[in-house]
$ cat structure36.txt   # compact mmCIF, C-alpha atoms
# COMPACT_ATOMS: atom_id res chain seq x y z
CA ALA A 606 9.62 -17.36 17.48
CA ASP A 607 6.88 -19.68 18.64
CA GLY A 608 7.86 -19.07 22.26
CA VAL A 609 10.54 -17.58 24.48
CA TYR A 610 11.64 -18.04 28.04
CA VAL A 611 13.96 -15.79 29.96
CA ALA A 612 16.15 -17.18 32.73
CA GLY A 613 17.31 -14.69 35.33
CA CYS A 614 19.05 -14.72 38.66
CA GLN A 615 17.17 -15.48 41.84
CA GLU A 616 15.36 -12.39 43.08
CA GLY A 617 17.56 -10.59 45.58
CA ALA A 618 20.68 -12.41 44.39
CA CYS A 619 21.46 -10.78 41.05
CA GLN A 620 25.02 -9.64 40.43
CA TYR A 621 23.55 -6.86 38.30
CA THR A 622 21.62 -5.53 41.33
CA SER A 623 18.19 -5.15 39.75
CA GLY A 624 18.71 -6.61 36.28
CA ASN A 625 16.44 -9.54 36.96
CA LEU A 626 13.69 -7.25 38.25
CA ARG A 627 13.90 -5.09 35.13
CA ALA A 628 13.84 -8.23 32.98
CA ARG A 629 10.71 -9.48 34.77
CA LYS A 630 8.99 -6.16 34.12
CA ARG A 631 9.93 -6.27 30.43
CA VAL A 632 8.71 -9.85 30.08
CA GLN A 633 5.40 -8.81 31.65
CA GLN A 634 5.13 -5.94 29.17
CA ALA A 635 5.87 -8.31 26.29
CA LYS A 636 3.17 -10.71 27.51
CA GLU A 637 0.63 -7.86 27.58
CA ILE A 638 1.58 -6.70 24.08
CA LEU A 639 1.38 -10.23 22.68
CA ASP A 640 -2.07 -10.67 24.24
CA LYS A 641 -3.25 -7.38 22.72
CA VAL A 642 -2.09 -8.27 19.21
CA GLY A 643 -3.53 -11.79 19.39
CA VAL A 644 -0.30 -13.78 19.48
CA GLY A 645 -0.71 -14.83 23.11
CA GLY A 646 1.26 -13.81 26.15
CA ASP A 647 1.49 -17.44 27.23
CA ARG A 648 4.27 -17.81 24.68
CA VAL A 649 6.65 -15.80 26.89
CA GLN A 650 7.71 -16.68 30.44
CA MET A 651 10.35 -15.55 32.95
CA TYR A 652 12.04 -17.94 35.36
CA ASN A 653 14.39 -17.14 38.23
CA LEU A 654 16.99 -19.71 39.17
CA SER A 655 20.59 -19.93 40.25
CA SER A 656 23.46 -21.27 38.18
CA SER A 657 23.56 -24.34 40.44
CA GLU A 658 20.07 -25.42 39.37
CA ALA A 659 20.91 -27.23 36.13
CA PRO A 660 18.20 -29.91 36.66
CA ARG A 661 15.61 -27.16 37.15
CA PHE A 662 16.81 -25.46 33.96
CA VAL A 663 16.17 -28.71 32.08
CA GLU A 664 12.68 -28.96 33.62
CA ILE A 665 11.92 -25.41 32.52
CA ALA A 666 13.09 -26.13 28.96
CA GLU A 667 10.90 -29.23 28.80
CA GLU A 668 7.93 -27.36 30.33
CA MET A 669 8.21 -24.51 27.83
CA THR A 670 8.66 -26.91 24.91
CA ALA A 671 5.48 -28.74 25.92
CA ARG A 672 3.60 -25.46 26.38
CA ILE A 673 4.62 -24.14 22.97
CA ARG A 674 3.82 -27.43 21.24
CA ALA A 675 0.35 -27.31 22.81
CA LEU A 676 -0.14 -23.71 21.67
CA GLY A 677 1.06 -24.51 18.16
CA PRO A 678 3.01 -22.28 15.81
CA ASN A 679 3.09 -18.54 16.23
CA PRO A 680 -0.15 -17.33 14.58
CA THR A 681 1.71 -14.62 12.67
CA LYS A 682 3.42 -17.35 10.64
CA ALA A 683 0.11 -18.52 9.19
CA ALA A 684 -0.96 -14.94 8.50
CA LYS A 685 2.32 -14.26 6.73
CA LYS A 686 1.87 -17.36 4.54
CA LYS A 687 -1.65 -16.21 3.57
CA LEU A 688 -0.31 -12.82 2.53
CA ALA A 689 2.43 -14.41 0.43
CA ALA A 690 -0.04 -16.69 -1.39
$ encode --input "structure36.txt" --output "structure tokens"
Amino acid sequence: ADGVYVAGCQEGACQYTSGNLRARKRVQQAKEILDKVGVGGDRVQMYNLSSSEAPRFVEIAEEMTARIRALGPNPTKAAKKKLAA
């Protein structure tokens, strides 16, 4: 994927008690790994919002789309093409 965003419950209001907190921690770990391997942690982001925030969800989707377009394709795609050639 060129980019990923994770939408979780508002902090303190998750029906899965701490699921959103665990997800945030995993997203942070993914960002660190992607930075270390040169893909870029900016390609992954976590957002917390409630199910009643549909307009905010749309804003987030547009924001992430713009961010990923600015970053360009996942650099591993170009490396994979070079190996195949």
$ atom_distance --input "structure36.txt" --atom1 "CA of Ile665 (chain A)" --atom2 "CA of Ala612 (chain A)"
9.3 Å
$ residues_around --input "structure36.txt" --residues "region 628-641 of chain A" --least-positions-apart "3" --cutoff "9 Å" --atoms "all atoms listed in the file" --output "ChimeraX atom specification"
/A:610-611,613,623-625,644-652
$ residues_around --input "structure36.txt" --residues "Asn679 (chain A)" --least-positions-apart "6" --cutoff "8 Å" --atoms "only C-alpha atoms" --output "PyMOL selection string"
chain A and resi 606-608+644
$ atom_distance --input "structure36.txt" --atom1 "CA of Asn653 (chain A)" --atom2 "CA of Glu668 (chain A)"
14.4 Å
$ atom_distance --input "structure36.txt" --atom1 "CA of Arg674 (chain A)" --atom2 "CA of Val609 (chain A)"
12.4 Å
$ closest_residue --input "structure36.txt" --among "A:Leu676, A:Cys619, A:Ala689, A:Ala683" --to "Leu654 (chain A)" --atoms "only C-alpha atoms"
A:Cys619
$ axis_aligned_box --input "structure36.txt" --around "region 630-638 of chain A" --padding-each-side "4 Å" --output "AutoDock Vina command-line options"
--center_x 5.3 --center_y -8.3 --center_z 29.1 --size_x 17.3 --size_y 12.8 --size_z 18.0
